>>> print(open('model-v1.pdb').read())   # PDB, C-alpha atoms and all ligand atoms
ATOM      1  CA  MET A  45     135.287 114.762  64.768
ATOM      2  CA  THR A  46     135.096 116.002  68.388
ATOM      3  CA  ILE A  47     134.213 119.487  67.192
ATOM      4  CA  HIS A  48     131.514 118.061  64.976
ATOM      5  CA  ARG A  49     129.935 116.047  67.839
ATOM      6  CA  ARG A  50     130.008 119.089  70.106
ATOM      7  CA  THR A  51     128.319 121.159  67.425
ATOM      8  CA  VAL A  52     125.566 118.536  67.064
ATOM      9  CA  LEU A  53     125.118 118.350  70.853
ATOM     10  CA  ALA A  54     124.969 122.147  71.148
ATOM     11  CA  ALA A  55     122.347 122.257  68.398
ATOM     12  CA  GLY A  56     120.351 119.599  70.258
ATOM     13  CA  LEU A  57     120.502 121.566  73.493
ATOM     14  CA  ALA A  58     119.455 124.757  71.767
ATOM     15  CA  ALA A  59     116.497 122.923  70.202
ATOM     16  CA  ALA A  60     115.582 121.487  73.584
ATOM     17  CA  PHE A  61     115.487 124.931  75.179
ATOM     18  CA  THR A  62     113.330 126.220  72.337
ATOM     19  CA  LEU A  63     110.876 123.360  72.906
ATOM     20  CA  GLY A  64     110.884 123.888  76.666
ATOM     21  CA  VAL A  65     112.219 120.358  77.330
ATOM     22  CA  PRO A  66     114.790 119.910  80.156
ATOM     23  CA  ALA A  67     118.103 119.879  78.277
ATOM     24  CA  ALA A  68     119.686 116.984  80.177
ATOM     25  CA  PHE A  69     116.862 114.684  79.109
ATOM     26  CA  ALA A  70     116.554 116.006  75.572
ATOM     27  CA  ALA A  71     120.062 114.734  74.770
ATOM     28  CA  LYS A  72     119.466 111.245  76.208
ATOM     29  CA  PRO A  73     116.349 110.554  78.250
ATOM     30  CA  LEU A  74     116.854 108.662  81.463
ATOM     31  CA  VAL A  75     115.456 105.139  81.143
ATOM     32  CA  ILE A  76     113.980 103.481  84.255
ATOM     33  CA  GLY A  77     112.700  99.922  84.348
ATOM     34  CA  PHE A  78     110.029  99.679  87.046
ATOM     35  CA  SER A  79     108.513  96.424  88.289
ATOM     36  CA  GLN A  80     105.290  97.033  90.198
ATOM     37  CA  VAL A  81     103.722  94.551  92.661
ATOM     38  CA  GLY A  82     100.337  94.510  90.905
ATOM     39  CA  ALA A  83      96.996  96.276  91.180
ATOM     40  CA  GLU A  84      95.773  94.673  94.394
ATOM     41  CA  SER A  85      94.595  97.809  96.212
ATOM     42  CA  GLU A  86      93.481 101.439  95.961
ATOM     43  CA  TRP A  87      96.894 102.316  97.430
ATOM     44  CA  ARG A  88      98.715 100.436  94.667
ATOM     45  CA  THR A  89      96.725 102.189  91.939
ATOM     46  CA  ALA A  90      97.662 105.577  93.420
ATOM     47  CA  ASN A  91     101.311 104.491  93.625
ATOM     48  CA  THR A  92     101.363 103.436  89.957
ATOM     49  CA  VAL A  93      99.728 106.687  88.838
ATOM     50  CA  SER A  94     102.237 108.709  90.884
ATOM     51  CA  ILE A  95     105.218 106.929  89.297
ATOM     52  CA  LYS A  96     103.874 107.134  85.738
ATOM     53  CA  ASP A  97     102.905 110.805  86.109
ATOM     54  CA  ALA A  98     106.260 111.787  87.609
ATOM     55  CA  ALA A  99     108.154 110.003  84.819
ATOM     56  CA  LYS A 100     106.076 111.744  82.158
ATOM     57  CA  LYS A 101     106.488 115.138  83.799
ATOM     58  CA  GLU A 102     110.259 114.756  83.978
ATOM     59  CA  GLY A 103     110.779 113.352  80.482
ATOM     60  CA  VAL A 104     111.904 109.972  81.841
ATOM     61  CA  THR A 105     111.319 106.891  79.697
ATOM     62  CA  LEU A 106     109.555 104.438  82.002
ATOM     63  CA  LYS A 107     109.443 100.747  81.173
ATOM     64  CA  PHE A 108     106.639  99.564  83.420
ATOM     65  CA  ALA A 109     105.925  95.908  84.267
ATOM     66  CA  ASP A 110     103.024  94.669  86.426
ATOM     67  CA  ALA A 111     104.021  91.523  88.372
ATOM     68  CA  GLN A 112     100.463  90.566  89.330
ATOM     69  CA  GLN A 113     101.586  89.820  92.901
ATOM     70  CA  LYS A 114     104.086  87.154  91.738
ATOM     71  CA  GLN A 115     107.782  87.235  92.593
ATOM     72  CA  GLU A 116     108.678  85.116  89.542
ATOM     73  CA  ASN A 117     107.183  87.826  87.282
ATOM     74  CA  GLN A 118     109.318  90.456  89.009
ATOM     75  CA  VAL A 119     112.471  88.383  88.546
ATOM     76  CA  LYS A 120     111.654  88.030  84.829
ATOM     77  CA  ALA A 121     110.993  91.773  84.516
ATOM     78  CA  ILE A 122     114.292  92.657  86.214
ATOM     79  CA  ARG A 123     116.189  90.277  83.897
ATOM     80  CA  SER A 124     114.510  91.860  80.902
ATOM     81  CA  PHE A 125     115.460  95.370  82.140
ATOM     82  CA  ILE A 126     119.075  94.169  82.450
ATOM     83  CA  ALA A 127     118.962  92.789  78.903
ATOM     84  CA  GLN A 128     117.574  96.123  77.658
ATOM     85  CA  ARG A 129     120.389  98.002  79.455
ATOM     86  CA  VAL A 130     118.111 100.488  81.234
ATOM     87  CA  ASP A 131     119.845 103.226  83.263
ATOM     88  CA  VAL A 132     118.120 102.378  86.556
ATOM     89  CA  ILE A 133     115.999  99.487  87.810
ATOM     90  CA  ALA A 134     113.373 100.295  90.435
ATOM     91  CA  PHE A 135     110.926  97.896  91.987
ATOM     92  CA  SER A 136     108.498  97.345  94.803
ATOM     93  CA  PRO A 137     109.178  93.749  95.878
ATOM     94  CA  VAL A 138     106.156  91.466  96.306
ATOM     95  CA  VAL A 139     107.964  89.574  99.092
ATOM     96  CA  GLU A 140     111.042  90.273 101.201
ATOM     97  CA  SER A 141     113.342  87.327 100.467
ATOM     98  CA  GLY A 142     114.763  85.568  97.427
ATOM     99  CA  TRP A 143     116.353  88.521  95.633
ATOM    100  CA  ASP A 144     120.118  87.913  95.978
ATOM    101  CA  THR A 145     120.690  86.203  92.618
ATOM    102  CA  VAL A 146     118.822  88.600  90.349
ATOM    103  CA  LEU A 147     120.107  91.693  92.162
ATOM    104  CA  LEU A 148     123.645  90.381  91.806
ATOM    105  CA  GLU A 149     123.018  90.088  88.061
ATOM    106  CA  ALA A 150     121.944  93.755  88.005
ATOM    107  CA  LYS A 151     125.025  94.765  89.996
ATOM    108  CA  ARG A 152     127.337  92.882  87.632
ATOM    109  CA  ALA A 153     125.648  94.652  84.716
ATOM    110  CA  LYS A 154     126.409  97.945  86.576
ATOM    111  CA  ILE A 155     122.720  98.932  86.709
ATOM    112  CA  PRO A 156     121.770 100.640  89.990
ATOM    113  CA  VAL A 157     118.691  99.302  91.759
ATOM    114  CA  ILE A 158     116.295 101.467  93.805
ATOM    115  CA  LEU A 159     113.704  99.854  96.082
ATOM    116  CA  THR A 160     110.419 101.681  96.382
ATOM    117  CA  ASP A 161     107.697 101.077  98.972
ATOM    118  CA  ARG A 162     108.844  97.623 100.189
ATOM    119  CA  ALA A 163     112.158  96.334 101.502
ATOM    120  CA  VAL A 164     114.167  93.209 100.643
ATOM    121  CA  LYS A 165     116.247  90.939 102.866
ATOM    122  CA  VAL A 166     119.577  90.425 101.097
ATOM    123  CA  SER A 167     122.956  89.174 102.284
ATOM    124  CA  ASP A 168     124.747  92.136 100.697
ATOM    125  CA  PRO A 169     123.169  95.608 101.144
ATOM    126  CA  SER A 170     125.223  96.966  98.237
ATOM    127  CA  LEU A 171     122.848  95.065  95.911
ATOM    128  CA  TYR A 172     120.615  98.145  95.967
ATOM    129  CA  VAL A 173     121.536 101.819  96.165
ATOM    130  CA  SER A 174     118.550 103.269  97.970
ATOM    131  CA  PHE A 175     115.240 102.314  99.577
ATOM    132  CA  LEU A 176     112.407 104.848  99.437
ATOM    133  CA  GLY A 177     109.251 104.046 101.415
ATOM    134  CA  SER A 178     107.342 103.941 104.680
ATOM    135  CA  ASP A 179     108.381 102.580 108.045
ATOM    136  CA  PHE A 180     105.902  99.692 108.219
ATOM    137  CA  VAL A 181     106.841  98.673 111.771
ATOM    138  CA  GLU A 182     106.001 102.201 112.889
ATOM    139  CA  GLU A 183     102.667 102.028 111.047
ATOM    140  CA  GLY A 184     101.799  98.819 112.946
ATOM    141  CA  ARG A 185     102.873 100.481 116.193
ATOM    142  CA  ARG A 186     100.655 103.494 115.487
ATOM    143  CA  ALA A 187      97.673 101.189 114.889
ATOM    144  CA  GLY A 188      98.420  99.357 118.162
ATOM    145  CA  ASN A 189      98.955 102.577 120.117
ATOM    146  CA  TRP A 190      95.606 103.898 118.922
ATOM    147  CA  LEU A 191      93.930 100.746 120.262
ATOM    148  CA  VAL A 192      95.787 100.939 123.591
ATOM    149  CA  GLU A 193      94.399 104.479 124.018
ATOM    150  CA  ARG A 194      90.901 103.400 122.927
ATOM    151  CA  GLN A 195      90.942 100.533 125.426
ATOM    152  CA  LYS A 196      91.327 103.041 128.254
ATOM    153  CA  LYS A 197      87.658 103.990 127.682
ATOM    154  CA  THR A 198      86.620 100.463 128.810
ATOM    155  CA  PRO A 199      89.506  99.488 131.109
ATOM    156  CA  ASP A 200      87.863  96.340 132.510
ATOM    157  CA  ALA A 201      86.801  94.830 129.208
ATOM    158  CA  VAL A 202      88.893  92.266 127.350
ATOM    159  CA  LEU A 203      89.051  93.145 123.642
ATOM    160  CA  ASN A 204      89.373  90.162 121.302
ATOM    161  CA  ILE A 205      91.192  91.125 118.132
ATOM    162  CA  VAL A 206      91.147  89.482 114.711
ATOM    163  CA  GLU A 207      93.941  90.395 112.327
ATOM    164  CA  LEU A 208      93.851  90.461 108.519
ATOM    165  CA  GLN A 209      97.454  90.195 107.385
ATOM    166  CA  GLY A 210      98.810  91.411 104.051
ATOM    167  CA  THR A 211     100.516  89.192 101.484
ATOM    168  CA  VAL A 212     102.465  86.362 103.147
ATOM    169  CA  GLY A 213     106.186  87.132 103.272
ATOM    170  CA  SER A 214     105.790  90.779 102.219
ATOM    171  CA  ALA A 215     107.555  93.494 104.204
ATOM    172  CA  PRO A 216     104.346  95.381 105.119
ATOM    173  CA  ALA A 217     102.644  92.203 106.382
ATOM    174  CA  LEU A 218     105.641  91.153 108.494
ATOM    175  CA  ASP A 219     106.379  94.621 109.837
ATOM    176  CA  ARG A 220     102.824  95.781 110.515
ATOM    177  CA  LYS A 221     102.195  92.603 112.489
ATOM    178  CA  LYS A 222     105.395  93.131 114.450
ATOM    179  CA  GLY A 223     104.737  96.805 115.227
ATOM    180  CA  PHE A 224     101.147  96.170 116.331
ATOM    181  CA  GLU A 225     102.152  93.262 118.588
ATOM    182  CA  GLU A 226     104.897  95.407 120.098
ATOM    183  CA  ALA A 227     102.432  98.215 120.906
ATOM    184  CA  ILE A 228      99.791  96.016 122.583
ATOM    185  CA  ALA A 229     102.294  93.674 124.284
ATOM    186  CA  GLY A 230     102.023  95.223 127.757
ATOM    187  CA  ASN A 231      98.210  95.104 127.810
ATOM    188  CA  ALA A 232      96.697  91.822 129.013
ATOM    189  CA  LYS A 233      93.197  92.971 127.996
ATOM    190  CA  LEU A 234      94.101  93.090 124.294
ATOM    191  CA  LYS A 235      94.186  89.617 122.751
ATOM    192  CA  VAL A 236      94.716  88.574 119.140
ATOM    193  CA  ILE A 237      92.457  85.538 118.762
ATOM    194  CA  ARG A 238      92.756  84.972 114.984
ATOM    195  CA  SER A 239      95.241  86.092 112.370
ATOM    196  CA  GLN A 240      95.220  85.188 108.686
ATOM    197  CA  THR A 241      96.248  86.638 105.347
ATOM    198  CA  GLY A 242      93.768  88.526 103.172
ATOM    199  CA  ASP A 243      96.466  89.212 100.550
ATOM    200  CA  PHE A 244      95.826  92.984 100.664
ATOM    201  CA  THR A 245      92.637  92.642  98.561
ATOM    202  CA  ARG A 246      88.990  93.527  99.273
ATOM    203  CA  ALA A 247      87.687  90.164  98.063
ATOM    204  CA  LYS A 248      90.051  88.170 100.265
ATOM    205  CA  GLY A 249      89.518  90.521 103.220
ATOM    206  CA  LYS A 250      85.779  89.872 103.002
ATOM    207  CA  GLU A 251      86.217  86.119 102.615
ATOM    208  CA  VAL A 252      88.560  85.764 105.601
ATOM    209  CA  MET A 253      86.411  88.033 107.789
ATOM    210  CA  GLU A 254      83.403  85.838 106.988
ATOM    211  CA  ALA A 255      85.392  82.839 108.227
ATOM    212  CA  PHE A 256      86.451  84.729 111.395
ATOM    213  CA  LEU A 257      82.817  85.649 112.087
ATOM    214  CA  LYS A 258      81.673  82.103 111.525
ATOM    215  CA  ALA A 259      84.283  80.772 113.945
ATOM    216  CA  GLU A 260      84.154  83.468 116.640
ATOM    217  CA  GLY A 261      80.840  85.305 116.116
ATOM    218  CA  LYS A 262      80.145  88.040 118.682
ATOM    219  CA  LYS A 263      83.384  87.312 120.548
ATOM    220  CA  ILE A 264      85.159  89.584 118.053
ATOM    221  CA  ASN A 265      85.581  93.122 119.395
ATOM    222  CA  VAL A 266      88.297  94.520 117.110
ATOM    223  CA  LEU A 267      89.444  94.055 113.520
ATOM    224  CA  TYR A 268      93.017  95.080 112.683
ATOM    225  CA  ALA A 269      93.512  95.020 108.890
ATOM    226  CA  HIS A 270      96.959  95.559 107.361
ATOM    227  CA  ASN A 271      95.380  97.721 104.650
ATOM    228  CA  ASP A 272      92.222  99.703 103.914
ATOM    229  CA  ASP A 273      91.063  97.451 101.093
ATOM    230  CA  MET A 274      90.912  94.374 103.318
ATOM    231  CA  ALA A 275      89.126  96.453 105.989
ATOM    232  CA  ILE A 276      86.553  97.639 103.423
ATOM    233  CA  GLY A 277      85.932  94.040 102.300
ATOM    234  CA  ALA A 278      85.653  92.938 105.941
ATOM    235  CA  ILE A 279      83.212  95.776 106.723
ATOM    236  CA  GLN A 280      80.890  94.277 104.128
ATOM    237  CA  ALA A 281      81.188  90.852 105.789
ATOM    238  CA  ILE A 282      80.441  92.377 109.214
ATOM    239  CA  GLU A 283      77.321  94.098 107.863
ATOM    240  CA  GLU A 284      76.149  90.934 106.139
ATOM    241  CA  ALA A 285      76.494  89.150 109.496
ATOM    242  CA  GLY A 286      74.015  91.670 110.953
ATOM    243  CA  LEU A 287      76.614  93.594 112.983
ATOM    244  CA  LYS A 288      77.633  97.249 112.892
ATOM    245  CA  PRO A 289      81.255  97.863 111.792
ATOM    246  CA  GLY A 290      82.807 100.729 113.732
ATOM    247  CA  LYS A 291      80.441 100.116 116.669
ATOM    248  CA  ASP A 292      79.932  96.407 117.416
ATOM    249  CA  ILE A 293      83.414  95.761 116.047
ATOM    250  CA  ILE A 294      86.123  98.426 116.188
ATOM    251  CA  VAL A 295      87.851  98.602 112.778
ATOM    252  CA  ILE A 296      91.483  99.717 112.445
ATOM    253  CA  SER A 297      93.375  99.790 109.145
ATOM    254  CA  ILE A 298      96.376 101.200 107.319
ATOM    255  CA  ASP A 299      96.880 103.304 104.144
ATOM    256  CA  GLY A 300      94.558 106.326 104.363
ATOM    257  CA  VAL A 301      92.987 106.001 100.904
ATOM    258  CA  LYS A 302      89.812 107.915 100.019
ATOM    259  CA  GLY A 303      87.730 104.736 100.419
ATOM    260  CA  ALA A 304      88.818 104.560 104.064
ATOM    261  CA  PHE A 305      87.854 108.194 104.648
ATOM    262  CA  GLU A 306      84.418 107.502 103.152
ATOM    263  CA  ALA A 307      84.031 104.497 105.472
ATOM    264  CA  MET A 308      85.064 106.643 108.465
ATOM    265  CA  ILE A 309      82.591 109.378 107.507
ATOM    266  CA  ALA A 310      79.882 106.666 107.316
ATOM    267  CA  GLY A 311      80.864 105.573 110.854
ATOM    268  CA  LYS A 312      82.083 102.117 109.737
ATOM    269  CA  LEU A 313      85.847 102.480 110.226
ATOM    270  CA  ASN A 314      87.413 103.896 113.400
ATOM    271  CA  VAL A 315      90.913 104.852 112.311
ATOM    272  CA  THR A 316      93.337 104.602 109.398
ATOM    273  CA  VAL A 317      97.119 104.907 109.743
ATOM    274  CA  GLU A 318      98.565 106.710 106.758
ATOM    275  CA  CYS A 319     100.931 105.036 104.285
ATOM    276  CA  ASN A 320     101.797 107.469 101.512
ATOM    277  CA  PRO A 321     101.870 105.994  97.972
ATOM    278  CA  LEU A 322     102.878 109.216  96.191
ATOM    279  CA  LEU A 323     106.498 108.182  95.726
ATOM    280  CA  GLY A 324     106.912 109.084  92.033
ATOM    281  CA  PRO A 325     108.607 112.511  92.288
ATOM    282  CA  GLN A 326     111.132 111.327  94.926
ATOM    283  CA  LEU A 327     111.902 108.199  92.913
ATOM    284  CA  MET A 328     112.701 110.277  89.801
ATOM    285  CA  GLN A 329     114.972 112.530  91.875
ATOM    286  CA  ILE A 330     116.898 109.620  93.399
ATOM    287  CA  ALA A 331     117.258 107.939  89.985
ATOM    288  CA  ARG A 332     118.554 111.143  88.429
ATOM    289  CA  ASP A 333     121.025 111.672  91.276
ATOM    290  CA  VAL A 334     122.340 108.098  91.062
ATOM    291  CA  VAL A 335     122.909 108.347  87.320
ATOM    292  CA  GLY A 336     124.475 111.797  87.786
ATOM    293  CA  GLY A 337     127.016 110.291  90.195
ATOM    294  CA  LYS A 338     125.646 112.060  93.295
ATOM    295  CA  ALA A 339     125.565 110.328  96.670
ATOM    296  CA  VAL A 340     122.034 109.208  97.555
ATOM    297  CA  PRO A 341     120.676 108.251 100.992
ATOM    298  CA  LYS A 342     120.467 104.509 101.547
ATOM    299  CA  ARG A 343     117.096 104.942 103.252
ATOM    300  CA  VAL A 344     114.433 107.601 102.622
ATOM    301  CA  VAL A 345     111.479 107.307 105.032
ATOM    302  CA  THR A 346     108.098 108.704 104.007
ATOM    303  CA  GLN A 347     106.412 111.142 106.436
ATOM    304  CA  GLU A 348     102.958 110.029 107.554
ATOM    305  CA  SER A 349     100.092 110.641 110.028
ATOM    306  CA  VAL A 350      97.228 108.863 111.784
ATOM    307  CA  PHE A 351      93.616 109.752 110.911
ATOM    308  CA  PRO A 352      90.920 108.790 113.419
ATOM    309  CA  ALA A 353      87.251 108.918 112.330
ATOM    310  CA  GLU A 354      86.732 112.180 114.262
ATOM    311  CA  VAL A 355      88.856 114.134 111.748
ATOM    312  CA  ALA A 356      87.766 112.278 108.589
ATOM    313  CA  ALA A 357      85.171 114.758 107.295
ATOM    314  CA  LYS A 358      87.503 117.709 107.788
ATOM    315  CA  GLU A 359      90.500 115.951 106.176
ATOM    316  CA  PHE A 360      88.664 114.330 103.262
ATOM    317  CA  PRO A 361      88.859 117.330 100.870
ATOM    318  CA  ASN A 362      92.673 117.395 101.314
ATOM    319  CA  ARG A 363      93.226 113.744 100.391
ATOM    320  CA  LYS A 364      95.146 113.229  97.151
ATOM    321  CA  TYR A 365      94.651 109.464  96.843
TER     322      TYR A 365
HETATM  323  O1  LIG B   1     103.317  97.947 100.322
HETATM  324  C1  LIG B   1     102.295  98.808 100.645
HETATM  325  C2  LIG B   1     101.014  98.050 100.800
HETATM  326  O2  LIG B   1     100.741  97.315  99.641
HETATM  327  C3  LIG B   1      99.784  98.878 101.028
HETATM  328  O3  LIG B   1      99.487  99.081 102.358
HETATM  329  C4  LIG B   1      98.740  98.017 100.452
HETATM  330  O4  LIG B   1      97.490  98.613 100.300
HETATM  331  C5  LIG B   1      99.413  97.562  99.231
HETATM  332  O5  LIG B   1      98.801  96.610  98.529
END
>>> encode(input="model-v1.pdb", output="structure tokens")
Amino acid sequence: MTIHRRTVLAAGLAAAFTLGVPAAFAAKPLVIGFSQVGAESEWRTANTVSIKDAAKKEGVTLKFADAQQKQENQVKAIRSFIAQRVDVIAFSPVVESGWDTVLLEAKRAKIPVILTDRAVKVSDPSLYVSFLGSDFVEEGRRAGNWLVERQKKTPDAVLNIVELQGTVGSAPALDRKKGFEEAIAGNAKLKVIRSQTGDFTRAKGKEVMEAFLKAEGKKINVLYAHNDDMAIGAIQAIEEAGLKPGKDIIVISIDGVKGAFEAMIAGKLNVTVECNPLLGPQLMQIARDVVGGKAVPKRVVTQESVFPAEVAAKEFPNRKY
């Protein structure tokens, strides 16, 4: 019996080599259940494409579920991945808290969980094996530091800031707010006068900016948006109010998507802090290592830069998302 099974396996491997398929996957493809936040931004679309492409390239069976920005949909998707006995569950959590129960269910089912992009707050860190993504506090700090430097050009002027926050309770919204506040804390001339969520979308970014402009008008000197999409929506609102984005109002955002580079080249956005969505290849590697019994780092931080408008035209041809 054993000999027979080995013979079958060997034949399978030989066939796999002939077909040019990685042998390890030809025998039994790795199955990953991935629950995505949604399709709220240009960044998110690039992230989804990266994950799907990497899975395809590596012969991984990807069960993909779009949560449409709702935590309850992610919980359902994770439970369904457990029921299907996938090899690995990966997800980018819509919000930070409320994951203990479902992650405990995954742990009891002995299915490793990898966080991508966003973090969770859980009582027991062993509920996930690894977290791959950006340092959002640092991104907020970089946005704030850029403004502190910019303020030095007009040292006597008070700059009134309005802030468009990301999704309420999400790690990037909480952390980018924190990092930015930390960076501007020592500067009495930099004042946040309004702060509200725009849910990471263009439509909501525009709507909230319209309300800010209605309430504060020309008092607004700076817009800090937690992502490029909200900044792009807000830029439209600023123009419709008869003001010049990038000049009358300094615009700062995060992500570094192509749309932001186009806005910088057009002189409407002053700086974007990079947040890299191309996490697919690293996710596949971590998943493969976990299943192969290798030790994986608990935290993998993505390497990123800051792109001010001055370098936008030169950098644009190199942008991959
Ligand atoms: O979690 C990453 C953030 O989510 C990106 O900055 C934003 O564009 C997305 O929607």
>>> resolve_selection(input="model-v1.pdb", expression="the PyMOL selection byres (((chain A and resi 308-325) around 8) and not hetatm)", output="PyMOL selection string")
chain A and resi 87-88+90-91+94-99+160-161+176-178+183+186-187+272+279+288-291+294-300+304-307+326-329+346-353+356-357
>>> write_last_selection(input="model-v1.pdb", atoms="C-alpha atoms", output="compact mmCIF listing (two decimals), in the coordinates of the input")
# COMPACT_ATOMS: atom_id res chain seq x y z
CA TRP A 87 96.89 102.32 97.43
CA ARG A 88 98.72 100.44 94.67
CA ALA A 90 97.66 105.58 93.42
CA ASN A 91 101.31 104.49 93.62
CA SER A 94 102.24 108.71 90.88
CA ILE A 95 105.22 106.93 89.30
CA LYS A 96 103.87 107.13 85.74
CA ASP A 97 102.90 110.80 86.11
CA ALA A 98 106.26 111.79 87.61
CA ALA A 99 108.15 110.00 84.82
CA THR A 160 110.42 101.68 96.38
CA ASP A 161 107.70 101.08 98.97
CA LEU A 176 112.41 104.85 99.44
CA GLY A 177 109.25 104.05 101.42
CA SER A 178 107.34 103.94 104.68
CA GLU A 183 102.67 102.03 111.05
CA ARG A 186 100.66 103.49 115.49
CA ALA A 187 97.67 101.19 114.89
CA ASP A 272 92.22 99.70 103.91
CA ILE A 279 83.21 95.78 106.72
CA LYS A 288 77.63 97.25 112.89
CA PRO A 289 81.26 97.86 111.79
CA GLY A 290 82.81 100.73 113.73
CA LYS A 291 80.44 100.12 116.67
CA ILE A 294 86.12 98.43 116.19
CA VAL A 295 87.85 98.60 112.78
CA ILE A 296 91.48 99.72 112.44
CA SER A 297 93.38 99.79 109.14
CA ILE A 298 96.38 101.20 107.32
CA ASP A 299 96.88 103.30 104.14
CA GLY A 300 94.56 106.33 104.36
CA ALA A 304 88.82 104.56 104.06
CA PHE A 305 87.85 108.19 104.65
CA GLU A 306 84.42 107.50 103.15
CA ALA A 307 84.03 104.50 105.47
CA GLN A 326 111.13 111.33 94.93
CA LEU A 327 111.90 108.20 92.91
CA MET A 328 112.70 110.28 89.80
CA GLN A 329 114.97 112.53 91.88
CA THR A 346 108.10 108.70 104.01
CA GLN A 347 106.41 111.14 106.44
CA GLU A 348 102.96 110.03 107.55
CA SER A 349 100.09 110.64 110.03
CA VAL A 350 97.23 108.86 111.78
CA PHE A 351 93.62 109.75 110.91
CA PRO A 352 90.92 108.79 113.42
CA ALA A 353 87.25 108.92 112.33
CA ALA A 356 87.77 112.28 108.59
CA ALA A 357 85.17 114.76 107.30
>>> atom_distance(input="model-v1.pdb", atom1="atom CA of Asp144 of chain A", atom2="atom CA of Gly242 of chain A")
27.3 Å
>>> closest_residue(input="model-v1.pdb", among="A:Val139, A:Val206, A:Val75, A:Val236", to="ligand LIG 1 (chain B)", atoms="all atoms listed in the file")
A:Val139
>>> atom_distance(input="model-v1.pdb", atom1="atom CA of Ser174 of chain A", atom2="atom CA of Glu140 of chain A")
15.4 Å
>>> atom_distance(input="model-v1.pdb", atom1="atom CA of Glu207 of chain A", atom2="atom CA of Leu159 of chain A")
27.3 Å
>>> closest_residue(input="model-v1.pdb", among="A:Ser141, A:Gln195, A:Thr245, A:Gln128", to="Ala153 of chain A", atoms="only C-alpha atoms")
A:Gln128
>>> closest_residue(input="model-v1.pdb", among="A:Ser214, A:Leu208, A:Phe360, A:Val93", to="Gly142 of chain A", atoms="only C-alpha atoms")
A:Ser214
>>> residues_near_point(input="model-v1.pdb", point="(113.8, 91.9, 80.2)", cutoff="12 Å", atoms="only C-alpha atoms", output="list of chain:residue names")
A:Gly77, A:Phe78, A:Ser79, A:Lys107, A:Phe108, A:Ala109, A:Asn117, A:Gln118, A:Val119, A:Lys120, A:Ala121, A:Ile122, A:Arg123, A:Ser124, A:Phe125, A:Ile126, A:Ala127, A:Gln128, A:Arg129, A:Val130, A:Ile133, A:Val146, A:Ala150
>>> write_last_selection(input="model-v1.pdb", atoms="C-alpha atoms", output="short mmCIF file (atom, residue, chain, number, x, y, z; two decimals), in the frame of the given file")
data_model
loop_
_atom_site.label_atom_id
_atom_site.label_comp_id
_atom_site.auth_asym_id
_atom_site.auth_seq_id
_atom_site.Cartn_x
_atom_site.Cartn_y
_atom_site.Cartn_z
CA GLY A 77 112.70 99.92 84.35
CA PHE A 78 110.03 99.68 87.05
CA SER A 79 108.51 96.42 88.29
CA LYS A 107 109.44 100.75 81.17
CA PHE A 108 106.64 99.56 83.42
CA ALA A 109 105.92 95.91 84.27
CA ASN A 117 107.18 87.83 87.28
CA GLN A 118 109.32 90.46 89.01
CA VAL A 119 112.47 88.38 88.55
CA LYS A 120 111.65 88.03 84.83
CA ALA A 121 110.99 91.77 84.52
CA ILE A 122 114.29 92.66 86.21
CA ARG A 123 116.19 90.28 83.90
CA SER A 124 114.51 91.86 80.90
CA PHE A 125 115.46 95.37 82.14
CA ILE A 126 119.08 94.17 82.45
CA ALA A 127 118.96 92.79 78.90
CA GLN A 128 117.57 96.12 77.66
CA ARG A 129 120.39 98.00 79.46
CA VAL A 130 118.11 100.49 81.23
CA ILE A 133 116.00 99.49 87.81
CA VAL A 146 118.82 88.60 90.35
CA ALA A 150 121.94 93.76 88.00
#
>>> closest_residue(input="model-v1.pdb", among="A:Ala331, A:Leu147, A:Val344, A:Ile228", to="Val104 of chain A", atoms="only C-alpha atoms")
A:Ala331
>>> resolve_selection(input="model-v1.pdb", expression="the PyMOL selection byres (((chain A and resi 254) around 12) and not hetatm)", output="ChimeraX atom specification")
/A:206,208,240,242,247-253,255-261,264,274,277-287
>>> closest_residue(input="model-v1.pdb", among="A:Val166, A:Ala111, A:Val301, A:Ala134", to="ligand LIG 1 (chain B)", atoms="only C-alpha atoms and all ligand atoms")
A:Val301
>>> closest_residue(input="model-v1.pdb", among="A:Gly184, A:Gly210, A:Pro73, A:Pro341", to="ligand LIG 1 (chain B)", atoms="all atoms listed in the file")
A:Gly210
>>> residues_around(input="model-v1.pdb", residues="Ser170 of chain A", least_positions_apart="2", cutoff="12 Å", atoms="all atoms listed in the file", output="CSV table (one decimal) with C-alpha atoms, in the coordinates of the input")
chain,number,residue,atom,x,y,z
A,144,ASP,CA,120.1,87.9,96.0
A,147,LEU,CA,120.1,91.7,92.2
A,148,LEU,CA,123.6,90.4,91.8
A,150,ALA,CA,121.9,93.8,88.0
A,151,LYS,CA,125.0,94.8,90.0
A,152,ARG,CA,127.3,92.9,87.6
A,154,LYS,CA,126.4,97.9,86.6
A,155,ILE,CA,122.7,98.9,86.7
A,156,PRO,CA,121.8,100.6,90.0
A,157,VAL,CA,118.7,99.3,91.8
A,158,ILE,CA,116.3,101.5,93.8
A,164,VAL,CA,114.2,93.2,100.6
A,165,LYS,CA,116.2,90.9,102.9
A,166,VAL,CA,119.6,90.4,101.1
A,167,SER,CA,123.0,89.2,102.3
A,168,ASP,CA,124.7,92.1,100.7
A,172,TYR,CA,120.6,98.1,96.0
A,173,VAL,CA,121.5,101.8,96.2
A,174,SER,CA,118.6,103.3,98.0
A,175,PHE,CA,115.2,102.3,99.6
A,342,LYS,CA,120.5,104.5,101.5
>>> resolve_selection(input="model-v1.pdb", expression="the PyMOL selection byres (((chain A and resi 265) around 9) and not hetatm)", output="ChimeraX atom specification")
/A:202-206,262-264,266-267,292-295
>>> axis_aligned_box(input="model-v1.pdb", around="ligand LIG 1 (chain B)", padding_each_side="4 Å", output="JSON")
{"center_x": 100.4, "center_y": 97.8, "center_z": 100.4, "size_x": 13.8, "size_y": 10.5, "size_z": 11.8}
